[in-house]
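Beneath this line is the structure, given in structure tokens, with notes to follow.
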Amino acid sequence: MYSRLAPGRYLASEHTQGPWDPKFQHMGPVTALIAHELAAAAPKAGLDLSRLAADVFAPVPVGELEIATEVIRDGKRVQCLAATVRAGGREFVRATAWRIRESDSPRTAAAPPPAPVPDEPDPPSWLSTGFGYGRAMDWRFVKGTPMEPGAATAWMRMRVPLVEGEPVTPLERLLATADSGNGISYALPFETHLFVNVDLTVSLFRSPATEWICMDAETTVGPSGRGLTRSVLFDEHGEVGGATQTLFVAPR
């Protein structure tokens, strides 16, 4: 999805293209790249990412981009980080992330996956063939369909590496999928309406550990041009957390 040009600088490939315009990136790869850069720029053993919140000021163009990071609060038990995505001197995304130190704690019950990963790929659709990011992912729906509006549950995995020549972590795999909740559970037809998220918040109570990530997503649109997508996130062992997206909704 990206080639590293220098520390903090990357070149996006066609695998990052979003569904609205091929000149702009899907936020899934961007969010995963933010986590990738935070891990490299501010490594700290024993702390796991528990929340990442990204505010999207404008669609990120497919091309060169730069990620600047900083440590806002550096503690023994918790750490808060920030990241800014810029391109051409303009700021497109601002994110904050919380890491929490690993420690023993009583485990409460978490939901199992809604269904196993289907053995067969889904039939071709606009989601899997119509834009770069869609083609870069393997989609396996277990509820709903990309051809009809409504709540949906789907397993996803990356077909291509996040950064060329660099390993992909399970966390990055999850974050690459987390912005897809609105796309798989769209409530209004693409032909008549825009419904674009202005933010993405991912909260995790357990680190993901598998290649496949499942998203159980539902979108609700209100009467005044706003919507909300809520997604429950799973790996192959069970629930790991959730994601929300605030939507700007308008007729085309």
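Letters A, B, ... go to the chains of the structure tokens in the order shown; residues in each chain start at 1; ligands are counted from 1 in the same order.
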
**Request:** Using only C-alpha atoms, determine which residues lie at most 12 Å from segment 119-123 of chain A, disregarding the query and same-chain residues fewer than 5 positions distant; provide the list as a PyMOL selection string.
**Result:** chain A and resi 128-129+137-147+154-157

Keeping only all heavy atoms, take the residues you just selected and write them out as a compact mmCIF listing (two decimals), in the first residue's frame.
```
# COMPACT_ATOMS: atom_id res chain seq x y z
N SER A 128 -15.20 -5.32 -4.12
CA SER A 128 -13.97 -6.08 -4.32
C SER A 128 -13.28 -5.78 -5.64
O SER A 128 -12.14 -6.19 -5.85
CB SER A 128 -14.26 -7.59 -4.24
OG SER A 128 -15.22 -7.97 -5.20
N THR A 129 -13.94 -5.06 -6.54
CA THR A 129 -13.35 -4.81 -7.85
C THR A 129 -13.35 -3.34 -8.26
O THR A 129 -12.65 -2.96 -9.20
CB THR A 129 -14.09 -5.59 -8.96
OG1 THR A 129 -15.44 -5.11 -9.07
CG2 THR A 129 -14.12 -7.08 -8.65
N MET A 137 -8.10 -5.98 -0.57
CA MET A 137 -8.62 -6.71 0.57
C MET A 137 -9.35 -7.97 0.10
O MET A 137 -9.91 -8.01 -0.99
CB MET A 137 -9.59 -5.84 1.37
CG MET A 137 -9.01 -4.51 1.84
SD MET A 137 -7.59 -4.67 2.94
CE MET A 137 -8.37 -5.39 4.38
N ASP A 138 -9.33 -8.99 0.95
CA ASP A 138 -10.11 -10.21 0.74
C ASP A 138 -11.36 -10.09 1.59
O ASP A 138 -11.28 -9.90 2.81
CB ASP A 138 -9.27 -11.42 1.17
CG ASP A 138 -9.88 -12.74 0.74
OD1 ASP A 138 -11.05 -12.77 0.34
OD2 ASP A 138 -9.16 -13.76 0.80
N TRP A 139 -12.55 -10.17 0.95
CA TRP A 139 -13.82 -9.94 1.63
C TRP A 139 -14.60 -11.25 1.74
O TRP A 139 -14.74 -11.97 0.75
CB TRP A 139 -14.67 -8.93 0.86
CG TRP A 139 -14.00 -7.63 0.59
CD1 TRP A 139 -13.19 -7.32 -0.47
CD2 TRP A 139 -14.08 -6.45 1.39
NE1 TRP A 139 -12.77 -6.02 -0.38
CE2 TRP A 139 -13.30 -5.46 0.74
CE3 TRP A 139 -14.75 -6.12 2.57
CZ2 TRP A 139 -13.15 -4.17 1.26
CZ3 TRP A 139 -14.61 -4.85 3.07
CH2 TRP A 139 -13.82 -3.88 2.43
N ARG A 140 -15.14 -11.54 2.92
CA ARG A 140 -15.98 -12.73 3.13
C ARG A 140 -17.18 -12.33 4.00
O ARG A 140 -17.08 -12.26 5.23
CB ARG A 140 -15.20 -13.85 3.82
CG ARG A 140 -13.84 -14.20 3.17
CD ARG A 140 -13.98 -14.99 1.90
NE ARG A 140 -12.69 -15.20 1.25
CZ ARG A 140 -11.92 -16.28 1.40
NH1 ARG A 140 -12.33 -17.27 2.19
NH2 ARG A 140 -10.77 -16.38 0.76
N PHE A 141 -18.32 -12.04 3.38
CA PHE A 141 -19.51 -11.62 4.11
C PHE A 141 -20.20 -12.83 4.74
O PHE A 141 -20.33 -13.88 4.10
CB PHE A 141 -20.49 -10.90 3.19
CG PHE A 141 -20.21 -9.44 2.99
CD1 PHE A 141 -19.12 -9.03 2.24
CD2 PHE A 141 -21.01 -8.48 3.59
CE1 PHE A 141 -18.84 -7.68 2.07
CE2 PHE A 141 -20.75 -7.13 3.42
CZ PHE A 141 -19.66 -6.72 2.66
N VAL A 142 -20.66 -12.66 5.99
CA VAL A 142 -21.46 -13.70 6.64
C VAL A 142 -22.86 -13.18 6.96
O VAL A 142 -23.74 -13.95 7.32
CB VAL A 142 -20.78 -14.21 7.93
CG1 VAL A 142 -19.47 -14.91 7.59
CG2 VAL A 142 -20.53 -13.09 8.93
N LYS A 143 -23.08 -11.87 6.85
CA LYS A 143 -24.41 -11.27 6.99
C LYS A 143 -24.46 -10.03 6.12
O LYS A 143 -23.51 -9.25 6.08
CB LYS A 143 -24.72 -10.90 8.44
CG LYS A 143 -26.15 -10.37 8.66
CD LYS A 143 -26.40 -10.00 10.11
CE LYS A 143 -25.75 -8.68 10.47
NZ LYS A 143 -26.10 -8.23 11.85
N GLY A 144 -25.56 -9.83 5.41
CA GLY A 144 -25.65 -8.69 4.52
C GLY A 144 -24.91 -8.94 3.23
O GLY A 144 -24.38 -10.03 2.97
N THR A 145 -24.85 -7.90 2.42
CA THR A 145 -24.21 -8.01 1.11
C THR A 145 -23.74 -6.64 0.67
O THR A 145 -24.37 -5.62 1.02
CB THR A 145 -25.20 -8.57 0.07
OG1 THR A 145 -24.67 -8.35 -1.25
CG2 THR A 145 -26.56 -7.88 0.14
N PRO A 146 -22.65 -6.53 -0.08
CA PRO A 146 -22.22 -5.23 -0.58
C PRO A 146 -23.15 -4.63 -1.62
O PRO A 146 -23.00 -3.48 -2.00
CB PRO A 146 -20.83 -5.52 -1.17
CG PRO A 146 -20.85 -6.97 -1.49
CD PRO A 146 -21.71 -7.60 -0.44
N MET A 147 -24.12 -5.41 -2.09
CA MET A 147 -25.03 -4.94 -3.13
C MET A 147 -26.30 -4.30 -2.59
O MET A 147 -27.08 -3.73 -3.34
CB MET A 147 -25.40 -6.11 -4.05
CG MET A 147 -24.20 -6.86 -4.63
SD MET A 147 -22.99 -5.77 -5.43
CE MET A 147 -23.96 -5.19 -6.81
N ALA A 154 -18.73 -8.93 8.09
CA ALA A 154 -17.80 -9.44 7.08
C ALA A 154 -16.43 -9.68 7.70
O ALA A 154 -15.98 -8.93 8.56
CB ALA A 154 -17.68 -8.46 5.92
N TRP A 155 -15.80 -10.75 7.23
CA TRP A 155 -14.40 -11.00 7.52
C TRP A 155 -13.55 -10.33 6.45
O TRP A 155 -13.94 -10.29 5.28
CB TRP A 155 -14.10 -12.50 7.53
CG TRP A 155 -14.62 -13.23 8.73
CD1 TRP A 155 -15.80 -13.91 8.83
CD2 TRP A 155 -13.97 -13.37 9.99
NE1 TRP A 155 -15.94 -14.46 10.08
CE2 TRP A 155 -14.83 -14.14 10.81
CE3 TRP A 155 -12.76 -12.91 10.52
CZ2 TRP A 155 -14.50 -14.47 12.13
CZ3 TRP A 155 -12.43 -13.23 11.83
CH2 TRP A 155 -13.29 -14.00 12.62
N MET A 156 -12.39 -9.82 6.85
CA MET A 156 -11.50 -9.13 5.92
C MET A 156 -10.05 -9.49 6.24
O MET A 156 -9.70 -9.74 7.40
CB MET A 156 -11.66 -7.61 6.03
CG MET A 156 -13.07 -7.10 5.80
SD MET A 156 -13.24 -5.36 6.28
CE MET A 156 -12.05 -4.59 5.18
N ARG A 157 -9.22 -9.51 5.19
CA ARG A 157 -7.78 -9.59 5.40
C ARG A 157 -7.08 -8.88 4.26
O ARG A 157 -7.61 -8.75 3.16
CB ARG A 157 -7.29 -11.04 5.49
CG ARG A 157 -7.42 -11.83 4.21
CD ARG A 157 -6.78 -13.20 4.34
NE ARG A 157 -7.03 -14.03 3.16
CZ ARG A 157 -6.58 -15.26 3.01
NH1 ARG A 157 -5.84 -15.82 3.96
NH2 ARG A 157 -6.86 -15.95 1.92
```

**strand (DSSP E or B) call set, DSSP backbone run, segment 11-119 of chain A, as a PyMOL selection string** = chain A and resi 11-12+17+24-25+47-56+61+64-74+78-87+90-101

**Item:** Nearby residues (only C-alpha atoms) at most 12 Å from Ala109 of chain A, same-chain spacing under 4 positions excluded, as a PyMOL selection string
**Value:** chain A and resi 205+238-240

Give me the residues near Thr16 of chain A as a tab-separated table (two decimals) with N, CA, C and O atoms, in the first residue's frame, where near means some atom within 7 Å (using only C-alpha atoms) and where sequence neighbours in that chain fewer than 2 positions away do not count.
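The resulting part.tsv:
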```
chain	number	residue	atom	x	y	z
A	1	MET	N	0.81	-1.21	0.00
A	1	MET	CA	0.00	0.00	0.00
A	1	MET	C	0.85	1.26	0.00
A	1	MET	O	0.47	2.28	-0.57
A	12	ALA	N	2.04	6.60	-1.47
A	12	ALA	CA	0.87	5.73	-1.52
A	12	ALA	C	0.72	5.12	-2.90
A	12	ALA	O	0.95	5.79	-3.92
A	13	SER	N	0.29	3.86	-2.95
A	13	SER	CA	0.05	3.18	-4.22
A	13	SER	C	-1.45	3.16	-4.51
A	13	SER	O	-2.28	3.60	-3.72
A	14	GLU	N	-1.80	2.59	-5.65
A	14	GLU	CA	-3.21	2.47	-6.03
A	14	GLU	C	-4.00	1.61	-5.06
A	14	GLU	O	-5.23	1.70	-4.99
A	18	GLY	N	-9.73	5.07	-2.37
A	18	GLY	CA	-11.04	4.91	-1.78
A	18	GLY	C	-12.14	4.85	-2.82
A	18	GLY	O	-11.90	5.02	-4.02
A	25	GLN	N	-7.36	8.64	-0.86
A	25	GLN	CA	-7.15	7.38	-0.16
A	25	GLN	C	-8.35	7.00	0.71
A	25	GLN	O	-9.05	7.86	1.25
A	26	HIS	N	-8.53	5.70	0.86
A	26	HIS	CA	-9.39	5.15	1.89
A	26	HIS	C	-8.70	5.36	3.24
A	26	HIS	O	-7.47	5.28	3.34
A	29	PRO	N	-6.05	2.24	5.13
A	29	PRO	CA	-4.59	2.24	5.03
A	29	PRO	C	-3.92	3.39	5.79
A	29	PRO	O	-2.89	3.21	6.43
A	132	GLY	N	-9.18	0.73	-5.61
A	132	GLY	CA	-7.91	0.12	-5.24
A	132	GLY	C	-7.90	-0.58	-3.90
A	132	GLY	O	-7.44	-1.72	-3.78
A	133	TYR	N	-8.40	0.10	-2.85
A	133	TYR	CA	-8.43	-0.53	-1.53
A	133	TYR	C	-9.31	-1.77	-1.53
A	133	TYR	O	-8.95	-2.79	-0.94
```

**Asked** How far is it from atom CA of Arg173 of chain A to atom CA of Phe248 of chain A, in Å with one decimal?
**Response** 26.0 Å

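In this model, the gap between atom CA of Arg51 of chain A and atom CA of Gly88 of chain A comes to 28.2 Å.
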
**Item:** Pick from A:Pro251, A:Pro114, A:Pro22, A:Pro61, whichever lies nearest to Val232 of chain A using only C-alpha atoms
**Value:** A:Pro114

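For the set A:Arg9, A:Arg101, A:Arg159, A:Arg206, the residue with the smallest atom-to-atom gap to Arg77 of chain A is A:Arg101, counting only C-alpha atoms.
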
**Request:** Could you jot down the atom CA of Val163 of chain A to atom CA of Leu11 of chain A separation for me, Å, one decimal place?
**Result:** 9.5 Å

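Each of A:Gly165, A:Gly134, A:Pro208, A:Gly89 was compared to Glu66 of chain A using only C-alpha atoms, and A:Gly89 turns out to be the nearest.
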
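For the set A:Ile100, A:Ala217, A:Ala42, A:Leu175, the residue with the smallest atom-to-atom gap to Gly150 of chain A is A:Ala217, counting only C-alpha atoms.
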